[in-house]
There are 2 protein chains.
Amino acid sequence: MDYLEMLGQKAAAAKYELQKLTTLVKNDALQKTADALVKETQRILTANEKDYVIAKQNGMTEGLLDRLKLTPERVEGMAEGLRQIAELDDPVGEIIESFDRPNGLHIDKVRVPMGVIGIIYEARPNVTADAFGLCFKTGNAVILKGGKDAFYSNEAITEVIRETLTQSQISADAIQLITDNDRAVTTAFMQLKQYVDVLIPRGGAGLIRAVVENSTIPVIETGTGNCHIYVDEDADLEKAIPIILNAKTQRIGVCNACESLLVHEKIADRFLPALGKALRENNVEMRGDERVRALIPDAVEATQEDYGAEYLDYIISMKTVVSVEEAIAHINRYNTRHSDAILTDNKEHAAKFLQGVDSACVYVNASTRFTDGFEFGFGAEIGISTQKLHARGPMGLKELTTYKYLIKGSGQIR
Amino acid sequence: MDYLEMLGQKAAAAKYELQKLTTLVKNDALQKTADALVKETQRILTANEKDYVIAKQNGMTEGLLDRLKLTPERVEGMAEGLRQIAELDDPVGEIIESFDRPNGLHIDKVRVPMGVIGIIYEARPNVTADAFGLCFKTGNAVILKGGKDAFYSNEAITEVIRETLTQSQISADAIQLITDNDRAVTTAFMQLKQYVDVLIPRGGAGLIRAVVENSTIPVIETGTGNCHIYVDEDADLEKAIPIILNAKTQRIGVCNACESLLVHEKIADRFLPALGKALRENNVEMRGDERVRALIPDAVEATQEDYGAEYLDYIISMKTVVSVEEAIAHINRYNTRHSDAILTDNKEHAAKFLQGVDSACVYVNASTRFTDGFEFGFGAEIGISTQKLHARGPMGLKELTTYKYLIKGSGQIR
């Protein structure tokens, strides 16, 4: 594991340099990196083509091939992402709190970079530039382990960034890519605790589980979403169908899409047939309990597994409930602590739902699709945290920082 | 592992109840628990005597026996701790941020309990009441795994608390003690991810390492401290000796005690002989580099291991450095990210040190012993975090909470 030790030492050296960079210098480097990516488009596309051919030969699915594929527009999109990050406020250096103690000590709680961030992700080369931009803007060194199917693309993008940093007289080790694709190296990376301050997996449930189980570095879990919408007895049913359609079908493969629907039994007769029609017209397969199936004849039977499933597909599970309390209990049993919504005009029910549902984002009368760093106005997003430690919900730049206490005295002792 | 599953389910049921309790109800229960502990002193002391006799037979050291031992005063101290927690502000429900989006969504970021907190600690029965008080005040259910040498004491304290909660019509499962002392059960507890939101080890480096290596639950690492004091060339040497003596000897077994001293070579001649005398008079063994040993003849040679050691004893490592930069680099190499201090009247050196040292708490001209929740004015302390995720430095009540976003709309879709 000498290889990782070396990467760790280089990242550690770079982090002290990055912590000292001014916002101006960082923004300038981000703009230059964006320009360089565009300028080197052909080099990046050539590398990407190599990945694409191998992946296709290996039988990669169309959906994944599309995520892997780069085009001039997509490279421009990566550059644009970096330019947007340059425009954002720099959270580093913010004095979060400031207080004086009776003994005369003055304490400042100051926002600082984490240090070294590790990111493990799948075969999506755009994440390489994006993760670099977010980490660099917040003064962190980043070590990346991308999916091996995007290896040549990641290598080309990383090289372009490193060359640009060197030209700007900034340590190229601000970004390092793990080029050894041996699984044992990835596992060892998850335990490079001496050098890596936080590890963020970006990808599907399997990747996240592997990281949680193997890492000794603190992990931020992101992005598994079994999101619910509960249609209350006092819901505005006219608004309910557009919200449900949006949450389910606007983009099916995302973590904030709606996967499960609860409907109060009092409105089932009035509501479910119309909803069934709308979902059917949008090619959504419905899986429901007995009551649902009685009102929507083409709905199939929902199992316990359905209630816990993150389909990421044109499928929805459906269940009737007798009360907002039952809805809350069901959601807390099956959700992934991501995003859940109640549709109601009843303030008491809304308040109960907001208080009772254990999720990063709890909605009243809106689509769950708004759980997103950009929609929240953060201007950037490293992921959606589904854990409770450190950050919950959409994570922007601030969530890539920590703080330290600076204490000034004049000889105080205890 | 049916046993842990059962504890987990009980904690999960209790957490939803605890989240809804008003501050008044929680404070009242804390006061009643404090009264009950005092009233049941004899019962607790009898149980503690049982532990003490067994531990002594098993050859427990005097220091650990002292930590295990309860007296009427110490039980009163536990009760007083709970009363103090009752007096503190309740962080739950605080609206941390509130913002409106252009599409009309109103977003509140609200402080909420974590849910279920797991605490693993050593044979210190006072932690049982303390951990309960902090978790309960913040609306969290707690599952405790205490050191087996304090088993009967912990059981008695937990029983008294549970009885009092039941009398107050609050779920007794707000506190549960793992009574199976099998090591495999403890390891399985560290993986009870479905039910436990955060795991906090309270104890020595070995315990913390075991938790970090085995846990799949997010962990907050606490309390290992290799704290440094750097005496700069521009230090006020009159103030330096009292600060060093305080940081080293006021209480040797604590994580914020000074373990290592760096001295600028320009003042070594003037300063080290006087410091050596002061440390000698306080029975502190000195281990230094060549320059130190030349000026303090009874100092022995310091090894690389010494520079990385958390002695928790009357021992200090000492080294001369040529600059504040060398001091910073040495500290960042050997420290545990806990607390480090510079003694200087040079503002530029102070600023460099504050910026450059990677620790939770960085001091100028004060003892490292102030890294403490009470000294920071938090009114309580669950531990000192030495990691960067979630909380850094002294953790008070706020650090036992998380947040959620409550989003109110009127039919918004994307």
# chains A, B, ... in the order shown; residues from 1 in each chain; ligands from 1
$ interface_residues --of "chain B" --to "chain A" --cutoff "7 Å" --atoms "only C-alpha atoms" --output "number ranges by chain"
B: 114, 197, 212-213, 216, 218, 239, 243, 246, 354, 359-367, 369, 388-390, 392, 402-414
$ write_last_selection --atoms "N, CA and C atoms" --output "compact mmCIF listing (two decimals), in the first residue's frame"
# COMPACT_ATOMS: atom_id res chain seq x y z
N MET B 114 -31.11 13.82 17.16
CA MET B 114 -30.50 12.82 16.27
C MET B 114 -31.43 11.62 16.12
N ASP B 197 -28.33 6.16 15.31
CA ASP B 197 -27.94 7.21 14.37
C ASP B 197 -26.51 7.67 14.54
N VAL B 212 -13.96 2.73 15.91
CA VAL B 212 -13.76 3.24 14.55
C VAL B 212 -13.59 2.08 13.57
N GLU B 213 -12.86 1.06 14.00
CA GLU B 213 -12.60 -0.05 13.08
C GLU B 213 -13.81 -0.94 12.85
N THR B 216 -20.25 0.48 11.74
CA THR B 216 -20.82 0.94 10.47
C THR B 216 -21.72 2.15 10.72
N PRO B 218 -22.24 6.01 11.97
CA PRO B 218 -21.36 7.17 12.06
C PRO B 218 -20.86 7.37 13.50
N LYS B 239 5.31 34.66 31.79
CA LYS B 239 3.99 34.00 31.75
C LYS B 239 4.11 32.55 31.30
N ILE B 243 1.95 28.88 32.58
CA ILE B 243 1.05 28.25 31.61
C ILE B 243 1.46 26.80 31.36
N ASN B 246 0.67 24.64 34.37
CA ASN B 246 -0.77 24.40 34.46
C ASN B 246 -1.21 23.35 33.45
N LEU B 354 -2.19 30.21 14.37
CA LEU B 354 -3.64 30.00 14.39
C LEU B 354 -4.13 29.45 13.05
N SER B 359 -5.91 21.84 14.42
CA SER B 359 -6.46 21.32 15.66
C SER B 359 -7.83 21.89 15.90
N ALA B 360 -8.61 21.20 16.71
CA ALA B 360 -9.93 21.70 17.07
C ALA B 360 -9.82 23.05 17.78
N CYS B 361 -8.82 23.17 18.66
CA CYS B 361 -8.65 24.40 19.43
C CYS B 361 -7.20 24.85 19.34
N VAL B 362 -7.01 26.08 18.89
CA VAL B 362 -5.65 26.62 18.79
C VAL B 362 -5.58 27.87 19.67
N TYR B 363 -4.63 27.88 20.58
CA TYR B 363 -4.53 28.93 21.59
C TYR B 363 -3.36 29.88 21.36
N VAL B 364 -3.57 31.11 21.76
CA VAL B 364 -2.46 32.05 21.90
C VAL B 364 -2.41 32.49 23.37
N ASN B 365 -1.28 32.27 23.99
CA ASN B 365 -1.05 32.74 25.37
C ASN B 365 -2.09 32.26 26.38
N ALA B 366 -2.41 30.99 26.31
CA ALA B 366 -3.28 30.42 27.35
C ALA B 366 -3.02 28.92 27.43
N SER B 367 -3.43 28.33 28.54
CA SER B 367 -3.23 26.90 28.78
C SER B 367 -4.19 26.08 27.90
N ARG B 369 -5.59 23.58 28.78
CA ARG B 369 -6.58 22.98 29.67
C ARG B 369 -7.98 23.59 29.51
N LYS B 388 -13.29 15.85 12.25
CA LYS B 388 -13.71 17.11 11.63
C LYS B 388 -15.16 17.08 11.19
N LEU B 389 -15.74 15.90 11.13
CA LEU B 389 -17.12 15.79 10.68
C LEU B 389 -18.06 16.11 11.83
N HIS B 390 -19.05 16.91 11.55
CA HIS B 390 -20.14 17.24 12.48
C HIS B 390 -19.72 18.20 13.58
N ARG B 392 -16.41 19.60 16.23
CA ARG B 392 -14.98 19.66 16.50
C ARG B 392 -14.80 20.32 17.86
N THR B 402 -29.29 17.24 15.21
CA THR B 402 -29.06 17.42 13.79
C THR B 402 -30.10 18.44 13.33
N TYR B 403 -30.37 18.51 12.06
CA TYR B 403 -31.42 19.41 11.60
C TYR B 403 -32.24 18.73 10.52
N LYS B 404 -33.39 19.28 10.24
CA LYS B 404 -34.09 18.87 9.04
C LYS B 404 -34.66 20.10 8.37
N TYR B 405 -34.91 19.97 7.07
CA TYR B 405 -35.50 21.07 6.31
C TYR B 405 -37.00 20.85 6.23
N LEU B 406 -37.77 21.86 6.62
CA LEU B 406 -39.22 21.81 6.48
C LEU B 406 -39.58 22.77 5.36
N ILE B 407 -40.22 22.25 4.32
CA ILE B 407 -40.46 23.05 3.12
C ILE B 407 -41.96 23.18 2.88
N LYS B 408 -42.44 24.41 2.85
CA LYS B 408 -43.88 24.63 2.67
C LYS B 408 -44.14 25.24 1.30
N GLY B 409 -45.04 24.62 0.55
CA GLY B 409 -45.37 25.10 -0.78
C GLY B 409 -46.86 25.26 -0.97
N SER B 410 -47.23 25.52 -2.21
CA SER B 410 -48.64 25.67 -2.56
C SER B 410 -48.87 24.99 -3.91
N GLY B 411 -48.24 23.82 -4.06
CA GLY B 411 -48.43 23.07 -5.30
C GLY B 411 -47.25 23.12 -6.25
N GLN B 412 -46.09 23.58 -5.78
CA GLN B 412 -44.91 23.72 -6.66
C GLN B 412 -44.46 22.38 -7.25
N ILE B 413 -44.13 22.42 -8.54
CA ILE B 413 -43.50 21.28 -9.21
C ILE B 413 -42.31 21.78 -10.03
N ARG B 414 -41.45 20.85 -10.44
CA ARG B 414 -40.30 21.23 -11.28
C ARG B 414 -40.62 20.98 -12.74
$ residues_around --residues "range 298-309 of chain A" --least-positions-apart "5" --cutoff "9 Å" --atoms "only C-alpha atoms" --output "list in words"
Asn226, Glu259, Ser260, Gly276, Arg280, Glu285, Met286, Arg287, Gly288, Asp289, Glu290, Val292, Arg293, Ile316, Ser317, Met318, Lys319, His330, Arg333, Tyr334, Asn335 and Thr336 of chain A
$ select_by_dssp --residues "range 31-187 of chain A" --states "helix (DSSP H, G or I)" --output "number ranges by chain"
A: 31-39, 41-57, 62-68, 72-87, 126-137, 148-167, 172-174, 183-187
$ write_last_selection --atoms "C-alpha atoms" --output "PDB file, in the first residue's frame"
ATOM      1  CA  GLN A  31     -11.748  29.941 -14.395  1.00  0.00           C
ATOM      2  CA  LYS A  32      -8.458  28.893 -15.962  1.00  0.00           C
ATOM      3  CA  THR A  33      -9.265  25.234 -15.391  1.00  0.00           C
ATOM      4  CA  ALA A  34     -12.633  25.737 -17.088  1.00  0.00           C
ATOM      5  CA  ASP A  35     -10.915  27.327 -20.085  1.00  0.00           C
ATOM      6  CA  ALA A  36      -8.361  24.526 -20.225  1.00  0.00           C
ATOM      7  CA  LEU A  37     -11.025  21.818 -20.221  1.00  0.00           C
ATOM      8  CA  VAL A  38     -12.709  23.452 -23.196  1.00  0.00           C
ATOM      9  CA  LYS A  39      -9.390  23.964 -24.970  1.00  0.00           C
ATOM     10  CA  THR A  41     -11.854  18.990 -25.449  1.00  0.00           C
ATOM     11  CA  GLN A  42     -10.416  16.790 -28.184  1.00  0.00           C
ATOM     12  CA  ARG A  43      -7.901  15.192 -25.831  1.00  0.00           C
ATOM     13  CA  ILE A  44     -10.675  14.455 -23.325  1.00  0.00           C
ATOM     14  CA  LEU A  45     -13.030  13.102 -25.990  1.00  0.00           C
ATOM     15  CA  THR A  46     -10.317  10.822 -27.381  1.00  0.00           C
ATOM     16  CA  ALA A  47      -9.755   9.335 -23.934  1.00  0.00           C
ATOM     17  CA  ASN A  48     -13.506   9.058 -23.412  1.00  0.00           C
ATOM     18  CA  GLU A  49     -13.926   7.244 -26.726  1.00  0.00           C
ATOM     19  CA  LYS A  50     -11.400   4.656 -25.506  1.00  0.00           C
ATOM     20  CA  ASP A  51     -13.498   4.078 -22.355  1.00  0.00           C
ATOM     21  CA  TYR A  52     -16.705   3.988 -24.357  1.00  0.00           C
ATOM     22  CA  VAL A  53     -15.503   1.331 -26.794  1.00  0.00           C
ATOM     23  CA  ILE A  54     -14.251  -0.927 -24.005  1.00  0.00           C
ATOM     24  CA  ALA A  55     -17.429  -0.436 -21.963  1.00  0.00           C
ATOM     25  CA  LYS A  56     -19.628  -1.256 -24.950  1.00  0.00           C
ATOM     26  CA  GLN A  57     -17.573  -4.372 -25.669  1.00  0.00           C
ATOM     27  CA  GLU A  62     -27.441   1.926 -22.585  1.00  0.00           C
ATOM     28  CA  GLY A  63     -28.262   4.005 -19.502  1.00  0.00           C
ATOM     29  CA  LEU A  64     -24.746   3.662 -18.106  1.00  0.00           C
ATOM     30  CA  LEU A  65     -23.151   4.206 -21.507  1.00  0.00           C
ATOM     31  CA  ASP A  66     -25.050   7.475 -21.717  1.00  0.00           C
ATOM     32  CA  ARG A  67     -23.660   8.563 -18.357  1.00  0.00           C
ATOM     33  CA  LEU A  68     -20.167   7.645 -19.476  1.00  0.00           C
ATOM     34  CA  PRO A  72     -18.202  18.780 -26.740  1.00  0.00           C
ATOM     35  CA  GLU A  73     -21.399  20.084 -25.083  1.00  0.00           C
ATOM     36  CA  ARG A  74     -20.850  17.955 -22.009  1.00  0.00           C
ATOM     37  CA  VAL A  75     -17.229  19.090 -21.677  1.00  0.00           C
ATOM     38  CA  GLU A  76     -18.493  22.671 -21.991  1.00  0.00           C
ATOM     39  CA  GLY A  77     -21.014  21.773 -19.257  1.00  0.00           C
ATOM     40  CA  MET A  78     -18.189  20.634 -16.956  1.00  0.00           C
ATOM     41  CA  ALA A  79     -16.335  23.906 -17.602  1.00  0.00           C
ATOM     42  CA  GLU A  80     -19.505  25.888 -16.965  1.00  0.00           C
ATOM     43  CA  GLY A  81     -19.899  24.054 -13.661  1.00  0.00           C
ATOM     44  CA  LEU A  82     -16.423  25.209 -12.586  1.00  0.00           C
ATOM     45  CA  ARG A  83     -17.196  28.797 -13.631  1.00  0.00           C
ATOM     46  CA  GLN A  84     -20.353  28.722 -11.541  1.00  0.00           C
ATOM     47  CA  ILE A  85     -18.402  27.476  -8.524  1.00  0.00           C
ATOM     48  CA  ALA A  86     -15.965  30.364  -9.013  1.00  0.00           C
ATOM     49  CA  GLU A  87     -18.915  32.769  -8.737  1.00  0.00           C
ATOM     50  CA  ASN A 126     -18.290  14.770 -15.175  1.00  0.00           C
ATOM     51  CA  VAL A 127     -18.037  14.056 -11.414  1.00  0.00           C
ATOM     52  CA  THR A 128     -14.245  14.346 -11.715  1.00  0.00           C
ATOM     53  CA  ALA A 129     -14.312  18.033 -12.622  1.00  0.00           C
ATOM     54  CA  ASP A 130     -17.298  18.767 -10.392  1.00  0.00           C
ATOM     55  CA  ALA A 131     -15.786  17.179  -7.276  1.00  0.00           C
ATOM     56  CA  PHE A 132     -12.500  18.950  -7.892  1.00  0.00           C
ATOM     57  CA  GLY A 133     -14.260  22.321  -8.238  1.00  0.00           C
ATOM     58  CA  LEU A 134     -16.231  21.977  -5.012  1.00  0.00           C
ATOM     59  CA  CYS A 135     -13.274  20.705  -2.992  1.00  0.00           C
ATOM     60  CA  PHE A 136     -10.829  23.252  -4.422  1.00  0.00           C
ATOM     61  CA  LYS A 137     -13.137  26.206  -3.797  1.00  0.00           C
ATOM     62  CA  LYS A 148     -12.784   1.919 -13.751  1.00  0.00           C
ATOM     63  CA  ASP A 149     -15.035   2.076 -16.830  1.00  0.00           C
ATOM     64  CA  ALA A 150     -14.323   5.809 -16.997  1.00  0.00           C
ATOM     65  CA  PHE A 151     -10.635   5.440 -16.283  1.00  0.00           C
ATOM     66  CA  TYR A 152      -9.146   7.083 -19.374  1.00  0.00           C
ATOM     67  CA  SER A 153     -11.659   9.926 -19.273  1.00  0.00           C
ATOM     68  CA  ASN A 154     -10.929  10.618 -15.592  1.00  0.00           C
ATOM     69  CA  GLU A 155      -7.216  10.460 -16.230  1.00  0.00           C
ATOM     70  CA  ALA A 156      -7.419  12.986 -19.078  1.00  0.00           C
ATOM     71  CA  ILE A 157      -9.620  15.393 -17.101  1.00  0.00           C
ATOM     72  CA  THR A 158      -7.364  15.119 -14.047  1.00  0.00           C
ATOM     73  CA  GLU A 159      -4.260  15.737 -16.145  1.00  0.00           C
ATOM     74  CA  VAL A 160      -5.736  18.882 -17.702  1.00  0.00           C
ATOM     75  CA  ILE A 161      -6.640  20.199 -14.255  1.00  0.00           C
ATOM     76  CA  ARG A 162      -3.231  19.363 -12.801  1.00  0.00           C
ATOM     77  CA  GLU A 163      -1.423  21.060 -15.674  1.00  0.00           C
ATOM     78  CA  THR A 164      -3.503  24.203 -15.205  1.00  0.00           C
ATOM     79  CA  LEU A 165      -2.854  24.285 -11.473  1.00  0.00           C
ATOM     80  CA  THR A 166       0.879  23.960 -12.080  1.00  0.00           C
ATOM     81  CA  GLN A 167       0.714  26.875 -14.522  1.00  0.00           C
ATOM     82  CA  ALA A 172      -1.134  19.938  -8.723  1.00  0.00           C
ATOM     83  CA  ASP A 173      -1.775  17.555  -5.831  1.00  0.00           C
ATOM     84  CA  ALA A 174      -4.894  19.537  -5.041  1.00  0.00           C
ATOM     85  CA  ARG A 183     -10.344  -3.625  -5.655  1.00  0.00           C
ATOM     86  CA  ALA A 184      -7.930  -4.132  -2.740  1.00  0.00           C
ATOM     87  CA  VAL A 185      -6.514  -0.664  -3.358  1.00  0.00           C
ATOM     88  CA  THR A 186     -10.003   0.843  -3.209  1.00  0.00           C
ATOM     89  CA  THR A 187     -10.653  -0.935   0.084  1.00  0.00           C
TER      90      THR A 187
END
$ select_by_dssp --residues "range 166-261 of chain B" --states "strand (DSSP E)" --output "PyMOL selection string"
chain B and resi 175-177+198-202+227-231+258-261
$ write_last_selection --atoms "all heavy atoms" --output "short mmCIF file (atom, residue, chain, number, x, y, z; two decimals), in the first residue's frame"
data_model
loop_
_atom_site.label_atom_id
_atom_site.label_comp_id
_atom_site.auth_asym_id
_atom_site.auth_seq_id
_atom_site.Cartn_x
_atom_site.Cartn_y
_atom_site.Cartn_z
N ILE B 175 -33.71 5.39 28.07
CA ILE B 175 -32.37 4.89 28.42
C ILE B 175 -32.41 3.37 28.51
O ILE B 175 -33.27 2.80 29.17
CB ILE B 175 -31.85 5.51 29.75
CG1 ILE B 175 -30.51 4.85 30.16
CG2 ILE B 175 -32.86 5.43 30.86
CD1 ILE B 175 -29.84 5.51 31.36
N GLN B 176 -31.52 2.74 27.78
CA GLN B 176 -31.39 1.29 27.85
C GLN B 176 -29.91 0.95 28.02
O GLN B 176 -29.06 1.56 27.40
CB GLN B 176 -31.92 0.63 26.57
CG GLN B 176 -33.42 0.82 26.37
CD GLN B 176 -33.91 0.05 25.16
OE1 GLN B 176 -34.33 -1.10 25.25
NE2 GLN B 176 -33.85 0.66 24.00
N LEU B 177 -29.68 -0.06 28.85
CA LEU B 177 -28.31 -0.50 29.11
C LEU B 177 -28.13 -1.89 28.50
O LEU B 177 -28.97 -2.77 28.72
CB LEU B 177 -28.08 -0.56 30.62
CG LEU B 177 -26.71 -1.02 31.11
CD1 LEU B 177 -25.65 0.05 30.84
CD2 LEU B 177 -26.77 -1.35 32.61
N VAL B 198 -26.00 7.60 15.73
CA VAL B 198 -24.61 8.02 15.95
C VAL B 198 -24.05 7.28 17.16
O VAL B 198 -24.78 6.98 18.11
CB VAL B 198 -24.50 9.56 16.12
CG1 VAL B 198 -25.39 10.07 17.21
CG2 VAL B 198 -23.07 10.00 16.38
N LEU B 199 -22.78 6.96 17.09
CA LEU B 199 -22.13 6.20 18.14
C LEU B 199 -20.99 7.05 18.70
O LEU B 199 -20.16 7.54 17.94
CB LEU B 199 -21.57 4.90 17.54
CG LEU B 199 -21.20 3.77 18.47
CD1 LEU B 199 -22.39 3.33 19.33
CD2 LEU B 199 -20.70 2.57 17.66
N ILE B 200 -20.98 7.21 20.02
CA ILE B 200 -19.93 8.01 20.63
C ILE B 200 -19.15 7.16 21.63
O ILE B 200 -19.69 6.75 22.65
CB ILE B 200 -20.53 9.25 21.34
CG1 ILE B 200 -21.40 10.06 20.37
CG2 ILE B 200 -19.41 10.12 21.93
CD1 ILE B 200 -22.10 11.24 21.02
N PRO B 201 -17.89 6.87 21.33
CA PRO B 201 -17.07 6.17 22.31
C PRO B 201 -16.50 7.17 23.31
O PRO B 201 -16.03 8.24 22.90
CB PRO B 201 -15.96 5.55 21.46
CG PRO B 201 -15.87 6.39 20.23
CD PRO B 201 -17.18 7.10 20.06
N ARG B 202 -16.59 6.86 24.58
CA ARG B 202 -15.97 7.72 25.59
C ARG B 202 -14.97 6.88 26.35
O ARG B 202 -15.34 6.00 27.13
CB ARG B 202 -17.02 8.28 26.54
CG ARG B 202 -17.80 9.41 25.92
CD ARG B 202 -18.81 9.99 26.88
NE ARG B 202 -18.21 10.78 27.93
CZ ARG B 202 -18.91 11.55 28.76
NH1 ARG B 202 -20.22 11.62 28.64
NH2 ARG B 202 -18.31 12.24 29.70
N CYS B 227 -1.37 17.19 23.14
CA CYS B 227 -1.45 18.65 23.02
C CYS B 227 -0.06 19.28 23.17
O CYS B 227 0.73 18.86 24.02
CB CYS B 227 -2.39 19.22 24.07
SG CYS B 227 -4.05 18.52 23.96
N HIS B 228 0.21 20.29 22.36
CA HIS B 228 1.51 20.95 22.33
C HIS B 228 1.44 22.39 22.83
O HIS B 228 0.44 23.07 22.61
CB HIS B 228 2.05 21.02 20.89
CG HIS B 228 2.36 19.69 20.29
ND1 HIS B 228 1.39 18.81 19.90
CD2 HIS B 228 3.56 19.09 20.01
CE1 HIS B 228 1.96 17.71 19.40
NE2 HIS B 228 3.27 17.86 19.45
N ILE B 229 2.55 22.82 23.43
CA ILE B 229 2.74 24.25 23.65
C ILE B 229 4.05 24.64 22.94
O ILE B 229 5.08 23.98 23.12
CB ILE B 229 2.79 24.62 25.14
CG1 ILE B 229 1.41 24.37 25.78
CG2 ILE B 229 3.22 26.08 25.33
CD1 ILE B 229 1.36 24.67 27.27
N TYR B 230 3.97 25.67 22.14
CA TYR B 230 5.17 26.18 21.46
C TYR B 230 5.53 27.53 22.08
O TYR B 230 4.73 28.48 22.06
CB TYR B 230 4.90 26.33 19.96
CG TYR B 230 5.92 27.23 19.26
CD1 TYR B 230 7.29 26.94 19.32
CD2 TYR B 230 5.52 28.35 18.55
CE1 TYR B 230 8.22 27.76 18.70
CE2 TYR B 230 6.44 29.18 17.91
CZ TYR B 230 7.80 28.88 18.00
OH TYR B 230 8.72 29.70 17.39
N VAL B 231 6.74 27.60 22.64
CA VAL B 231 7.22 28.85 23.22
C VAL B 231 8.05 29.57 22.15
O VAL B 231 9.15 29.14 21.81
CB VAL B 231 8.06 28.60 24.49
CG1 VAL B 231 8.39 29.92 25.17
CG2 VAL B 231 7.32 27.67 25.44
N CYS B 258 -1.01 19.16 28.48
CA CYS B 258 0.10 19.32 27.53
C CYS B 258 1.04 18.12 27.63
O CYS B 258 1.46 17.73 28.72
CB CYS B 258 0.86 20.61 27.87
SG CYS B 258 2.35 20.84 26.89
N GLU B 259 1.36 17.55 26.48
CA GLU B 259 2.23 16.38 26.45
C GLU B 259 3.57 16.69 25.80
O GLU B 259 4.52 15.92 25.92
CB GLU B 259 1.56 15.23 25.68
CG GLU B 259 0.18 14.82 26.19
CD GLU B 259 0.23 14.08 27.52
OE1 GLU B 259 1.30 14.06 28.16
OE2 GLU B 259 -0.83 13.54 27.93
N SER B 260 3.64 17.79 25.06
CA SER B 260 4.84 18.06 24.29
C SER B 260 5.09 19.56 24.20
O SER B 260 4.16 20.34 24.04
CB SER B 260 4.70 17.46 22.88
OG SER B 260 5.96 17.46 22.24
N LEU B 261 6.38 19.92 24.31
CA LEU B 261 6.75 21.31 24.37
C LEU B 261 7.76 21.62 23.27
O LEU B 261 8.72 20.89 23.07
CB LEU B 261 7.39 21.58 25.73
CG LEU B 261 7.55 23.03 26.11
CD1 LEU B 261 6.20 23.63 26.49
CD2 LEU B 261 8.52 23.14 27.28
#
$ atom_distance --atom1 "CA of Leu21 in chain B" --atom2 "CA of Gly139 in chain B"
7.4 Å
$ residues_around --residues "Lys352 in chain B" --least-positions-apart "6" --cutoff "9 Å" --atoms "only C-alpha atoms" --output "PyMOL selection string"
chain B and resi 324-325+328
